[in-house]
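> You'll find my_file-v3.pdb just under this line, and it carries PDB, C-alpha atoms.
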```pdb
ATOM      1  CA  MET A   1     -30.398  -6.895   0.320
ATOM      2  CA  PHE A   2     -28.132  -4.320  -1.251
ATOM      3  CA  LEU A   3     -25.090  -6.102   0.146
ATOM      4  CA  ARG A   4     -26.132  -9.432  -1.331
ATOM      5  CA  GLU A   5     -26.531  -7.829  -4.742
ATOM      6  CA  PHE A   6     -23.090  -6.223  -4.398
ATOM      7  CA  TRP A   7     -21.612  -9.598  -3.438
ATOM      8  CA  HIS A   8     -23.027 -11.256  -6.542
ATOM      9  CA  LYS A   9     -21.818  -8.452  -8.768
ATOM     10  CA  LEU A  10     -18.283  -8.874  -7.387
ATOM     11  CA  GLY A  11     -18.266 -12.228  -9.157
ATOM     12  CA  SER A  12     -18.236 -10.385 -12.469
ATOM     13  CA  PRO A  13     -14.823  -8.978 -13.490
ATOM     14  CA  LYS A  14     -16.539  -6.876 -16.142
ATOM     15  CA  TRP A  15     -18.756  -5.169 -13.587
ATOM     16  CA  PHE A  16     -15.789  -4.560 -11.287
ATOM     17  CA  TYR A  17     -13.679  -3.143 -14.107
ATOM     18  CA  GLN A  18     -16.380  -0.655 -15.044
ATOM     19  CA  ILE A  19     -17.317   0.451 -11.538
ATOM     20  CA  SER A  20     -13.715   0.770 -10.320
ATOM     21  CA  THR A  21     -12.744   3.418 -12.885
ATOM     22  CA  GLY A  22     -14.328   6.167 -10.798
ATOM     23  CA  TRP A  23     -13.027   4.757  -7.505
ATOM     24  CA  MET A  24      -9.488   4.661  -8.869
ATOM     25  CA  ILE A  25      -9.574   8.281 -10.054
ATOM     26  CA  GLY A  26     -11.124   9.376  -6.742
ATOM     27  CA  PHE A  27      -8.417   7.614  -4.725
ATOM     28  CA  ALA A  28      -5.657   9.066  -6.929
ATOM     29  CA  VAL A  29      -6.879  12.657  -6.584
ATOM     30  CA  ALA A  30      -7.496  12.318  -2.822
ATOM     31  CA  ALA A  31      -4.055  10.721  -2.326
ATOM     32  CA  LEU A  32      -2.281  13.501  -4.221
ATOM     33  CA  VAL A  33      -4.019  16.290  -2.286
ATOM     34  CA  LEU A  34      -3.726  14.639   1.148
ATOM     35  CA  LEU A  35      -0.093  13.555   0.769
ATOM     36  CA  VAL A  36       1.093  16.945  -0.520
ATOM     37  CA  VAL A  37      -0.812  18.845   2.200
ATOM     38  CA  GLY A  38       0.322  16.382   4.886
ATOM     39  CA  MET A  39       3.990  16.523   3.897
ATOM     40  CA  VAL A  40       4.182  20.324   3.715
ATOM     41  CA  TRP A  41       2.290  20.564   7.011
ATOM     42  CA  GLY A  42       4.474  17.983   8.711
ATOM     43  CA  LEU A  43       7.753  19.352   7.381
ATOM     44  CA  ALA A  44       7.243  23.073   7.821
ATOM     45  CA  PHE A  45       4.305  23.835  10.102
ATOM     46  CA  ALA A  46       4.107  21.107  12.768
ATOM     47  CA  PRO A  47       6.077  21.962  15.905
ATOM     48  CA  ALA A  48       9.384  20.178  16.572
ATOM     49  CA  ASP A  49       9.435  17.560  19.338
ATOM     50  CA  TYR A  50      10.881  18.841  22.621
ATOM     51  CA  GLN A  51      13.136  15.760  22.939
ATOM     52  CA  GLN A  52      13.788  14.617  19.368
ATOM     53  CA  GLY A  53      13.835  18.006  17.674
ATOM     54  CA  ASN A  54      13.209  17.981  13.926
ATOM     55  CA  SER A  55      14.054  14.310  13.346
ATOM     56  CA  PHE A  56      10.582  13.702  14.790
ATOM     57  CA  ARG A  57       9.142  14.875  11.449
ATOM     58  CA  ILE A  58      10.057  11.469   9.998
ATOM     59  CA  ILE A  59       6.926  10.235  11.830
ATOM     60  CA  TYR A  60       4.809  11.713   9.013
ATOM     61  CA  VAL A  61       6.210   9.282   6.454
ATOM     62  CA  HIS A  62       7.080   6.393   8.799
ATOM     63  CA  VAL A  63       3.763   5.813  10.606
ATOM     64  CA  PRO A  64       1.488   6.047   7.510
ATOM     65  CA  THR A  65       3.578   3.560   5.514
ATOM     66  CA  ALA A  66       3.772   1.144   8.461
ATOM     67  CA  MET A  67       0.027   1.378   9.201
ATOM     68  CA  VAL A  68      -1.065   0.915   5.604
ATOM     69  CA  ALA A  69       1.459  -1.916   5.080
ATOM     70  CA  GLN A  70      -0.335  -3.837   7.852
ATOM     71  CA  SER A  71      -3.812  -2.923   6.581
ATOM     72  CA  VAL A  72      -2.909  -4.133   3.093
ATOM     73  CA  TYR A  73      -1.830  -7.435   4.640
ATOM     74  CA  ILE A  74      -5.147  -7.731   6.497
ATOM     75  CA  SER A  75      -6.999  -7.052   3.228
ATOM     76  CA  MET A  76      -4.938  -9.792   1.622
ATOM     77  CA  GLY A  77      -5.919 -12.182   4.429
ATOM     78  CA  VAL A  78      -9.595 -11.290   3.951
ATOM     79  CA  ALA A  79      -9.238 -11.810   0.185
ATOM     80  CA  GLY A  80      -7.614 -15.158   1.013
ATOM     81  CA  ILE A  81     -10.647 -16.232   3.067
ATOM     82  CA  VAL A  82     -13.008 -15.100   0.293
ATOM     83  CA  LEU A  83     -10.981 -17.074  -2.247
ATOM     84  CA  PHE A  84     -10.981 -20.162  -0.058
ATOM     85  CA  VAL A  85     -14.647 -20.132   0.911
ATOM     86  CA  TRP A  86     -16.392 -18.681  -2.161
ATOM     87  CA  ARG A  87     -13.759 -19.376  -4.870
ATOM     88  CA  MET A  88     -14.166 -15.815  -6.090
ATOM     89  CA  LYS A  89     -11.772 -15.044  -8.972
ATOM     90  CA  LEU A  90     -11.607 -11.382  -8.050
ATOM     91  CA  ALA A  91     -10.112 -12.310  -4.647
ATOM     92  CA  ASP A  92      -7.121 -13.895  -6.358
ATOM     93  CA  VAL A  93      -6.718 -10.753  -8.461
ATOM     94  CA  ALA A  94      -6.812  -8.707  -5.234
ATOM     95  CA  ILE A  95      -4.105 -10.835  -3.596
ATOM     96  CA  ALA A  96      -1.880 -10.406  -6.655
ATOM     97  CA  ALA A  97      -2.427  -6.623  -6.595
ATOM     98  CA  CYS A  98      -1.905  -6.223  -2.830
ATOM     99  CA  LEU A  99       1.448  -8.043  -2.759
ATOM    100  CA  PRO A 100       3.753  -5.487  -4.441
ATOM    101  CA  VAL A 101       2.029  -2.551  -2.710
ATOM    102  CA  GLY A 102       2.348  -4.115   0.754
ATOM    103  CA  MET A 103       5.923  -5.127   0.074
ATOM    104  CA  MET A 104       6.858  -1.606  -1.001
ATOM    105  CA  LEU A 105       5.172   0.038   2.004
ATOM    106  CA  THR A 106       6.759  -2.389   4.498
ATOM    107  CA  ALA A 107      10.197  -1.792   2.994
ATOM    108  CA  LEU A 108       9.620   1.979   3.159
ATOM    109  CA  ALA A 109       8.493   1.763   6.802
ATOM    110  CA  LEU A 110      11.589  -0.249   7.730
ATOM    111  CA  PHE A 111      13.822   2.185   5.859
ATOM    112  CA  SER A 112      12.349   5.369   7.346
ATOM    113  CA  GLY A 113      12.371   3.637  10.745
ATOM    114  CA  GLY A 114      16.099   3.021  10.432
ATOM    115  CA  VAL A 115      16.742   6.585   9.303
ATOM    116  CA  TRP A 116      14.699   7.832  12.277
ATOM    117  CA  GLY A 117      16.429   5.407  14.642
ATOM    118  CA  ARG A 118      19.934   6.630  13.781
ATOM    119  CA  PRO A 119      19.634  10.125  15.379
ATOM    120  CA  THR A 120      17.088   8.990  18.017
ATOM    121  CA  TRP A 121      18.347   5.599  19.239
ATOM    122  CA  GLY A 122      21.895   5.906  17.928
ATOM    123  CA  THR A 123      21.537   2.896  15.625
ATOM    124  CA  TRP A 124      20.136   2.138  12.173
ATOM    125  CA  TRP A 125      18.795  -1.221  13.307
ATOM    126  CA  GLU A 126      17.865  -2.785  16.617
ATOM    127  CA  TRP A 127      16.490  -6.291  17.273
ATOM    128  CA  ASP A 128      13.415  -4.817  18.934
ATOM    129  CA  GLY A 129       9.959  -6.467  19.005
ATOM    130  CA  ARG A 130       8.387  -3.973  16.636
ATOM    131  CA  THR A 131      11.221  -3.931  14.105
ATOM    132  CA  VAL A 132      11.582  -7.722  14.013
ATOM    133  CA  SER A 133       7.831  -8.351  13.604
ATOM    134  CA  THR A 134       7.757  -5.761  10.800
ATOM    135  CA  LEU A 135      10.709  -7.529   9.161
ATOM    136  CA  VAL A 136       8.659 -10.750   9.398
ATOM    137  CA  LEU A 137       5.847  -8.902   7.595
ATOM    138  CA  LEU A 138       8.257  -8.049   4.763
ATOM    139  CA  PHE A 139       9.366 -11.694   4.545
ATOM    140  CA  LEU A 140       5.715 -12.805   4.444
ATOM    141  CA  TYR A 141       5.076 -10.510   1.488
ATOM    142  CA  ILE A 142       8.241 -11.707  -0.279
ATOM    143  CA  GLY A 143       7.409 -15.348   0.536
ATOM    144  CA  ILE A 144       3.892 -15.188  -0.881
ATOM    145  CA  TYR A 145       5.193 -13.362  -3.945
ATOM    146  CA  ALA A 146       7.827 -16.055  -4.535
ATOM    147  CA  LEU A 147       5.231 -18.782  -3.949
ATOM    148  CA  ARG A 148       2.956 -17.299  -6.610
ATOM    149  CA  GLU A 149       5.837 -17.013  -9.052
ATOM    150  CA  ALA A 150       6.704 -20.671  -8.491
ATOM    151  CA  ILE A 151       3.238 -22.166  -9.113
ATOM    152  CA  PRO A 152       2.065 -22.068 -12.738
ATOM    153  CA  ASP A 153      -1.419 -23.499 -12.146
ATOM    154  CA  ILE A 154      -3.766 -20.581 -11.510
ATOM    155  CA  THR A 155      -6.132 -22.366  -9.080
ATOM    156  CA  LEU A 156      -3.369 -23.956  -7.022
ATOM    157  CA  ARG A 157      -1.415 -20.702  -6.986
ATOM    158  CA  GLY A 158      -4.429 -18.827  -5.660
ATOM    159  CA  ARG A 159      -5.190 -21.354  -2.925
ATOM    160  CA  ALA A 160      -1.583 -21.706  -1.777
ATOM    161  CA  SER A 161      -1.040 -17.952  -1.547
ATOM    162  CA  ALA A 162      -4.440 -17.510   0.157
ATOM    163  CA  LEU A 163      -3.504 -20.094   2.784
ATOM    164  CA  VAL A 164      -0.163 -18.432   3.596
ATOM    165  CA  ALA A 165      -1.836 -14.999   3.610
ATOM    166  CA  ILE A 166      -4.470 -16.224   6.112
ATOM    167  CA  VAL A 167      -1.953 -17.942   8.402
ATOM    168  CA  GLY A 168       0.367 -14.919   8.228
ATOM    169  CA  THR A 169      -2.270 -12.539   9.631
ATOM    170  CA  ILE A 170      -1.236 -13.867  13.079
ATOM    171  CA  ASN A 171       1.768 -11.537  12.698
ATOM    172  CA  ILE A 172      -0.426  -8.409  12.591
ATOM    173  CA  PRO A 173      -1.508  -8.460  16.294
ATOM    174  CA  ILE A 174       2.096  -9.343  17.149
ATOM    175  CA  ILE A 175       3.256  -6.123  15.424
ATOM    176  CA  LYS A 176       0.500  -4.162  17.134
ATOM    177  CA  TYR A 177       1.147  -5.381  20.687
ATOM    178  CA  SER A 178       4.933  -5.730  20.315
ATOM    179  CA  VAL A 179       5.456  -2.310  21.893
ATOM    180  CA  ASP A 180       3.405  -3.378  24.948
ATOM    181  CA  TRP A 181       4.909  -6.866  25.313
ATOM    182  CA  TRP A 182       8.580  -5.976  24.946
ATOM    183  CA  HIS A 183       9.562  -2.592  26.320
ATOM    184  CA  THR A 184      12.782  -2.224  24.404
ATOM    185  CA  LEU A 185      13.368   0.734  22.127
ATOM    186  CA  HIS A 186      10.431   1.399  19.845
ATOM    187  CA  GLN A 187       8.072   4.058  21.145
ATOM    188  CA  PRO A 188       4.403   3.152  21.765
ATOM    189  CA  GLY A 189       1.802   3.461  19.010
ATOM    190  CA  SER A 190       0.906   6.939  17.777
ATOM    191  CA  PHE A 191      -2.778   6.345  17.164
ATOM    192  CA  SER A 192      -5.390   4.341  19.012
ATOM    193  CA  LEU A 193      -9.089   4.024  18.266
ATOM    194  CA  THR A 194     -10.029   3.950  21.947
ATOM    195  CA  GLU A 195      -7.708   6.501  23.537
ATOM    196  CA  LYS A 196      -6.966  10.156  22.984
ATOM    197  CA  PRO A 197      -3.668  10.847  21.173
ATOM    198  CA  THR A 198      -0.703  11.553  23.452
ATOM    199  CA  MET A 199       0.510  14.210  21.031
ATOM    200  CA  PRO A 200      -0.905  17.746  20.826
ATOM    201  CA  VAL A 201      -3.307  18.424  17.966
ATOM    202  CA  GLU A 202      -0.727  20.429  15.959
ATOM    203  CA  MET A 203       1.360  17.263  15.799
ATOM    204  CA  TRP A 204      -1.240  14.586  15.141
ATOM    205  CA  ALA A 205      -3.452  16.490  12.684
ATOM    206  CA  PRO A 206      -0.860  16.331   9.845
ATOM    207  CA  LEU A 207      -0.208  12.698  10.770
ATOM    208  CA  LEU A 208      -3.901  11.922  10.352
ATOM    209  CA  VAL A 209      -3.856  13.641   6.935
ATOM    210  CA  MET A 210      -0.809  11.580   5.909
ATOM    211  CA  VAL A 211      -2.377   8.305   7.106
ATOM    212  CA  LEU A 212      -5.587   8.997   5.152
ATOM    213  CA  GLY A 213      -3.520  10.007   2.115
ATOM    214  CA  MET A 214      -1.481   6.799   2.300
ATOM    215  CA  TYR A 215      -4.678   4.705   2.468
ATOM    216  CA  CYS A 216      -5.971   6.477  -0.652
ATOM    217  CA  PHE A 217      -2.602   5.972  -2.349
ATOM    218  CA  ALA A 218      -2.650   2.234  -1.623
ATOM    219  CA  GLY A 219      -6.284   2.079  -2.786
ATOM    220  CA  TYR A 220      -5.318   3.738  -6.061
ATOM    221  CA  ILE A 221      -2.335   1.503  -6.815
ATOM    222  CA  ILE A 222      -4.137  -1.712  -5.789
ATOM    223  CA  LEU A 223      -7.185  -0.884  -7.950
ATOM    224  CA  ALA A 224      -4.965   0.042 -10.910
ATOM    225  CA  ARG A 225      -3.055  -3.247 -10.571
ATOM    226  CA  MET A 226      -6.281  -5.233 -10.228
ATOM    227  CA  ARG A 227      -7.633  -3.673 -13.413
ATOM    228  CA  ILE A 228      -4.480  -4.578 -15.373
ATOM    229  CA  GLU A 229      -4.703  -8.150 -14.071
ATOM    230  CA  ILE A 230      -8.421  -8.371 -14.981
ATOM    231  CA  LEU A 231      -7.716  -7.257 -18.557
ATOM    232  CA  LEU A 232      -4.938  -9.845 -18.832
ATOM    233  CA  ARG A 233      -7.151 -12.682 -17.589
ATOM    234  CA  GLU A 234     -10.222 -11.659 -19.562
ATOM    235  CA  GLN A 235      -8.512 -10.688 -22.824
ATOM    236  CA  ARG A 236     -10.364 -13.341 -24.793
ATOM    237  CA  THR A 237     -13.805 -12.159 -23.702
ATOM    238  CA  GLN A 238     -16.157 -10.040 -25.765
ATOM    239  CA  TRP A 239     -16.258  -7.088 -23.362
ATOM    240  CA  VAL A 240     -12.443  -6.662 -23.229
ATOM    241  CA  ARG A 241     -12.270  -6.827 -27.024
ATOM    242  CA  GLY A 242     -14.984  -4.186 -27.077
ATOM    243  CA  LEU A 243     -12.761  -1.869 -25.007
ATOM    244  CA  VAL A 244     -10.204  -1.464 -27.799
ATOM    245  CA  ALA A 245     -12.543  -1.841 -30.762
TER     246      ALA A 245
ATOM    247  CA  MET B 246       5.954  28.215   9.712
ATOM    248  CA  GLN B 247       8.401  26.718  12.210
ATOM    249  CA  PHE B 248      11.531  27.937  10.450
ATOM    250  CA  GLU B 249      12.989  31.440  10.148
ATOM    251  CA  SER B 250      14.803  30.882   6.835
ATOM    252  CA  MET B 251      15.216  28.435   3.988
ATOM    253  CA  ILE B 252      18.671  27.442   5.297
ATOM    254  CA  GLU B 253      17.185  26.553   8.675
ATOM    255  CA  PHE B 254      14.441  24.570   6.969
ATOM    256  CA  VAL B 255      16.953  22.505   5.007
ATOM    257  CA  ALA B 256      19.208  22.022   8.051
ATOM    258  CA  MET B 257      16.316  20.740  10.207
ATOM    259  CA  GLY B 258      18.210  21.611  13.391
ATOM    260  CA  GLY B 259      21.133  19.355  12.434
ATOM    261  CA  HIS B 260      18.868  16.432  11.494
ATOM    262  CA  GLY B 261      18.519  17.485   7.851
ATOM    263  CA  LEU B 262      20.275  14.426   6.459
ATOM    264  CA  TYR B 263      17.886  12.017   8.196
ATOM    265  CA  VAL B 264      14.686  13.970   7.578
ATOM    266  CA  TRP B 265      15.395  14.554   3.893
ATOM    267  CA  LEU B 266      16.665  11.004   3.372
ATOM    268  CA  ALA B 267      13.412   9.584   4.801
ATOM    269  CA  TYR B 268      11.136  11.971   2.901
ATOM    270  CA  GLY B 269      13.144  11.774  -0.332
ATOM    271  CA  THR B 270      13.185   7.982  -0.426
ATOM    272  CA  THR B 271       9.494   7.735   0.440
ATOM    273  CA  CYS B 272       8.510  10.248  -2.266
ATOM    274  CA  ALA B 273      10.775   8.645  -4.873
ATOM    275  CA  VAL B 274       9.378   5.150  -4.245
ATOM    276  CA  LEU B 275       5.745   6.344  -4.219
ATOM    277  CA  ILE B 276       6.200   8.288  -7.468
ATOM    278  CA  GLY B 277       8.046   5.321  -8.974
ATOM    279  CA  SER B 278       5.170   2.992  -8.153
ATOM    280  CA  VAL B 279       2.669   5.353  -9.813
ATOM    281  CA  LEU B 280       4.827   5.533 -12.951
ATOM    282  CA  SER B 281       5.318   1.766 -13.102
ATOM    283  CA  VAL B 282       1.613   1.014 -12.734
ATOM    284  CA  ARG B 283       0.711   3.587 -15.405
ATOM    285  CA  ILE B 284       3.285   2.185 -17.826
ATOM    286  CA  ALA B 285       1.969  -1.340 -17.161
ATOM    287  CA  ALA B 286      -1.609  -0.190 -17.850
ATOM    288  CA  LYS B 287      -0.564   1.441 -21.122
ATOM    289  CA  LYS B 288       1.347  -1.668 -22.226
ATOM    290  CA  GLN B 289      -1.660  -3.836 -21.411
ATOM    291  CA  MET B 290      -3.943  -1.681 -23.573
ATOM    292  CA  GLN B 291      -1.396  -1.746 -26.439
ATOM    293  CA  GLN B 292      -1.251  -5.519 -26.177
ATOM    294  CA  LEU B 293      -5.051  -5.743 -26.362
ATOM    295  CA  ARG B 294      -5.101  -3.477 -29.412
ATOM    296  CA  LEU B 295      -2.456  -5.629 -31.080
ATOM    297  CA  VAL B 296      -4.483  -8.779 -30.466
ATOM    298  CA  ALA B 297      -7.657  -7.110 -31.783
ATOM    299  CA  PHE B 298      -5.818  -5.860 -34.883
ATOM    300  CA  HIS B 299      -4.510  -9.315 -35.754
ATOM    301  CA  GLN B 300      -7.911 -10.871 -35.249
ATOM    302  CA  THR B 301      -9.657  -8.498 -37.649
ATOM    303  CA  ARG B 302      -6.927  -9.044 -40.247
ATOM    304  CA  CYS B 303      -7.227 -12.813 -39.970
ATOM    305  CA  LYS B 304     -10.955 -12.544 -40.542
ATOM    306  CA  ARG B 305     -10.511 -10.456 -43.706
ATOM    307  CA  GLU B 306      -7.756 -12.569 -45.264
ATOM    308  CA  PRO B 307      -8.552 -16.220 -44.607
TER     309      PRO B 307
END
```
Could you quickly redo this structure as structure tokens?


Amino acid sequence: MFLREFWHKLGSPKWFYQISTGWMIGFAVAALVLLVVGMVWGLAFAPADYQQGNSFRIIYVHVPTAMVAQSVYISMGVAGIVLFVWRMKLADVAIAACLPVGMMLTALALFSGGVWGRPTWGTWWEWDGRTVSTLVLLFLYIGIYALREAIPDITLRGRASALVAIVGTINIPIIKYSVDWWHTLHQPGSFSLTEKPTMPVEMWAPLLVMVLGMYCFAGYIILARMRIEILLREQRTQWVRGLVA
Amino acid sequence: MQFESMIEFVAMGGHGLYVWLAYGTTCAVLIGSVLSVRIAAKKQMQQLRLVAFHQTRCKREP
């Protein structure tokens, strides 16, 4: 009952704009606190790895960016389905807002991965299952972005980008299981929902803080971008005019 | 604290370059994205104000 009401309200950009103000501020504050605490903890207080030494600390920026980059893509796929099935305008706004955030996080994950790989594997880049599938993720983000730039018609642009976003989600399980399918260089996943972490608590606790912080950060930026896009699309309506009156 | 001194902390057991490069780039890009989204929001509001201003003027002086 409550969910159905929420669903109907999502159809109204005005309602979303008003309700998301608080969410955005909450995400921003939580992200700031969690990321600062997580970084200081990971850099100075977490123990060094017995094999990798201090280069292991790169995990605290690498894993959160990589995890959230994939989650943002999944959200984009879900928004794509919503746009396709229910023609909800807000879903198109969400896709547009997710794109730059996902692109940035994927690029950061690839970069910190390379910087971590240099002292650990002895190379900046390796054609390993995990790295290649993550590179594909970056190209998916860039591709959808370019596609949207190329189509002027708003309805067609939304549907085309939604379709590619939905089809592209096939890459997400490939990234996830790449470390199990091809035993090349990349180490296995750090976190699993079903198994206990292989790291001691002093190592994974700051990682958990960083992952949560990165989710809040992405939530903040995506909401802020969605709100800008809503104002742009609704600038001729009474309620947007009322905002600056 | 895992480090005895500030010098040791910066050196990161010989891996300082890699650790600080990864953290520095990540922080710089995250902060940059916050700044860019805030600037975009401000510009959007200015644009709306401009549109509203012109509309009221047009109404007064037909």

> Residue by residue, what does the PyMOL selection byres ((chain A) within 8 of (chain B)) grab here? Present the result as a list in words.

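Output from the PyMOL selection byres ((chain A) within 8 of (chain B)), applied to this file: Ala44, Phe45, Ala46, Pro47, Ala48, Gly53, Asn54, Ser55, Arg57, Ile58, Val61, Met104, Leu108, Phe111, Ser112, Val115, Trp116, Pro119, Ile221, Ala224, Arg225, Ile228, Leu231, Leu232, Gln235, Arg241, Val244 and Ala245 of chain A.
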
> Please dump the current selection as a PDB file, keeping the file's coordinate frame; keep C-alpha atoms.


```pdb
ATOM      1  CA  ALA A  44       7.243  23.073   7.821  1.00  0.00           C
ATOM      2  CA  PHE A  45       4.305  23.835  10.102  1.00  0.00           C
ATOM      3  CA  ALA A  46       4.107  21.107  12.768  1.00  0.00           C
ATOM      4  CA  PRO A  47       6.077  21.962  15.905  1.00  0.00           C
ATOM      5  CA  ALA A  48       9.384  20.178  16.572  1.00  0.00           C
ATOM      6  CA  GLY A  53      13.835  18.006  17.674  1.00  0.00           C
ATOM      7  CA  ASN A  54      13.209  17.981  13.926  1.00  0.00           C
ATOM      8  CA  SER A  55      14.054  14.310  13.346  1.00  0.00           C
ATOM      9  CA  ARG A  57       9.142  14.875  11.449  1.00  0.00           C
ATOM     10  CA  ILE A  58      10.057  11.469   9.998  1.00  0.00           C
ATOM     11  CA  VAL A  61       6.210   9.282   6.454  1.00  0.00           C
ATOM     12  CA  MET A 104       6.858  -1.606  -1.001  1.00  0.00           C
ATOM     13  CA  LEU A 108       9.620   1.979   3.159  1.00  0.00           C
ATOM     14  CA  PHE A 111      13.822   2.185   5.859  1.00  0.00           C
ATOM     15  CA  SER A 112      12.349   5.369   7.346  1.00  0.00           C
ATOM     16  CA  VAL A 115      16.742   6.585   9.303  1.00  0.00           C
ATOM     17  CA  TRP A 116      14.699   7.832  12.277  1.00  0.00           C
ATOM     18  CA  PRO A 119      19.634  10.125  15.379  1.00  0.00           C
ATOM     19  CA  ILE A 221      -2.335   1.503  -6.815  1.00  0.00           C
ATOM     20  CA  ALA A 224      -4.965   0.042 -10.910  1.00  0.00           C
ATOM     21  CA  ARG A 225      -3.055  -3.247 -10.571  1.00  0.00           C
ATOM     22  CA  ILE A 228      -4.480  -4.578 -15.373  1.00  0.00           C
ATOM     23  CA  LEU A 231      -7.716  -7.257 -18.557  1.00  0.00           C
ATOM     24  CA  LEU A 232      -4.938  -9.845 -18.832  1.00  0.00           C
ATOM     25  CA  GLN A 235      -8.512 -10.688 -22.824  1.00  0.00           C
ATOM     26  CA  ARG A 241     -12.270  -6.827 -27.024  1.00  0.00           C
ATOM     27  CA  VAL A 244     -10.204  -1.464 -27.799  1.00  0.00           C
ATOM     28  CA  ALA A 245     -12.543  -1.841 -30.762  1.00  0.00           C
TER      29      ALA A 245
END
```

> I need the residue nearest Val37 in chain A from this list: A:Ser192, A:Asp153, A:Tyr177, A:Leu212. Use only C-alpha atoms for the distance.

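So, comparing all the options, the nearest one is A:Leu212.
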
> Please identify all polymer residues within 12 Å of Ser12 in chain A, counting all atoms listed in the file, omitting same-chain residues fewer than 6 positions from it, and present them as a PyMOL selection string.

chain A and resi 5-6+18-19+88-91+230+234+239

> So the first atom is CA of Ile166 in chain A and the second is CA of Ile81 in chain A; what is the distance between them in Å, to one decimal place?

6.9 Å

> Please evaluate the PyMOL selection byres ((chain A and resi 217) around 8) against the displayed coordinates and give the resulting residues as a list in words.

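With the PyMOL selection byres ((chain A and resi 217) around 8) on this model, the match is Phe27, Ala28, Ala31, Leu32, Gly213, Met214, Tyr215, Cys216, Ala218, Gly219, Tyr220 and Ile221 of chain A.
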
> Write out, as a CSV table (one decimal), in the frame of the given file, the residues just selected, with C-alpha atoms.


```csv
chain,number,residue,atom,x,y,z
A,27,PHE,CA,-8.4,7.6,-4.7
A,28,ALA,CA,-5.7,9.1,-6.9
A,31,ALA,CA,-4.1,10.7,-2.3
A,32,LEU,CA,-2.3,13.5,-4.2
A,213,GLY,CA,-3.5,10.0,2.1
A,214,MET,CA,-1.5,6.8,2.3
A,215,TYR,CA,-4.7,4.7,2.5
A,216,CYS,CA,-6.0,6.5,-0.7
A,218,ALA,CA,-2.6,2.2,-1.6
A,219,GLY,CA,-6.3,2.1,-2.8
A,220,TYR,CA,-5.3,3.7,-6.1
A,221,ILE,CA,-2.3,1.5,-6.8
```

> CA of Ala69 in chain A and CA of Met103 in chain A, how far apart in Å?

7.4 Å

> Tell me which protein, DNA and RNA residues are within 10 Å of His183 in chain A, counting all atoms listed in the file, leaving out same-chain ones fewer than 6 positions away, and put them as a PDB file with C-alpha atoms, keeping the file's coordinate frame.


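around-v3.pdb, written as the output of this step:
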```
ATOM      1  CA  ASP A 128      13.415  -4.817  18.934  1.00  0.00           C
ATOM      2  CA  GLY A 129       9.959  -6.467  19.005  1.00  0.00           C
ATOM      3  CA  ARG A 130       8.387  -3.973  16.636  1.00  0.00           C
TER       4      ARG A 130
END
```

> Taking all atoms listed in the file into account, which of A:Leu43, A:Leu185, A:Leu207, A:Ile74 comes nearest Gly122 in chain A?

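Checking each of A:Leu43, A:Leu185, A:Leu207, A:Ile74 against Gly122 in chain A, counting all atoms listed in the file, the winner is A:Leu185.
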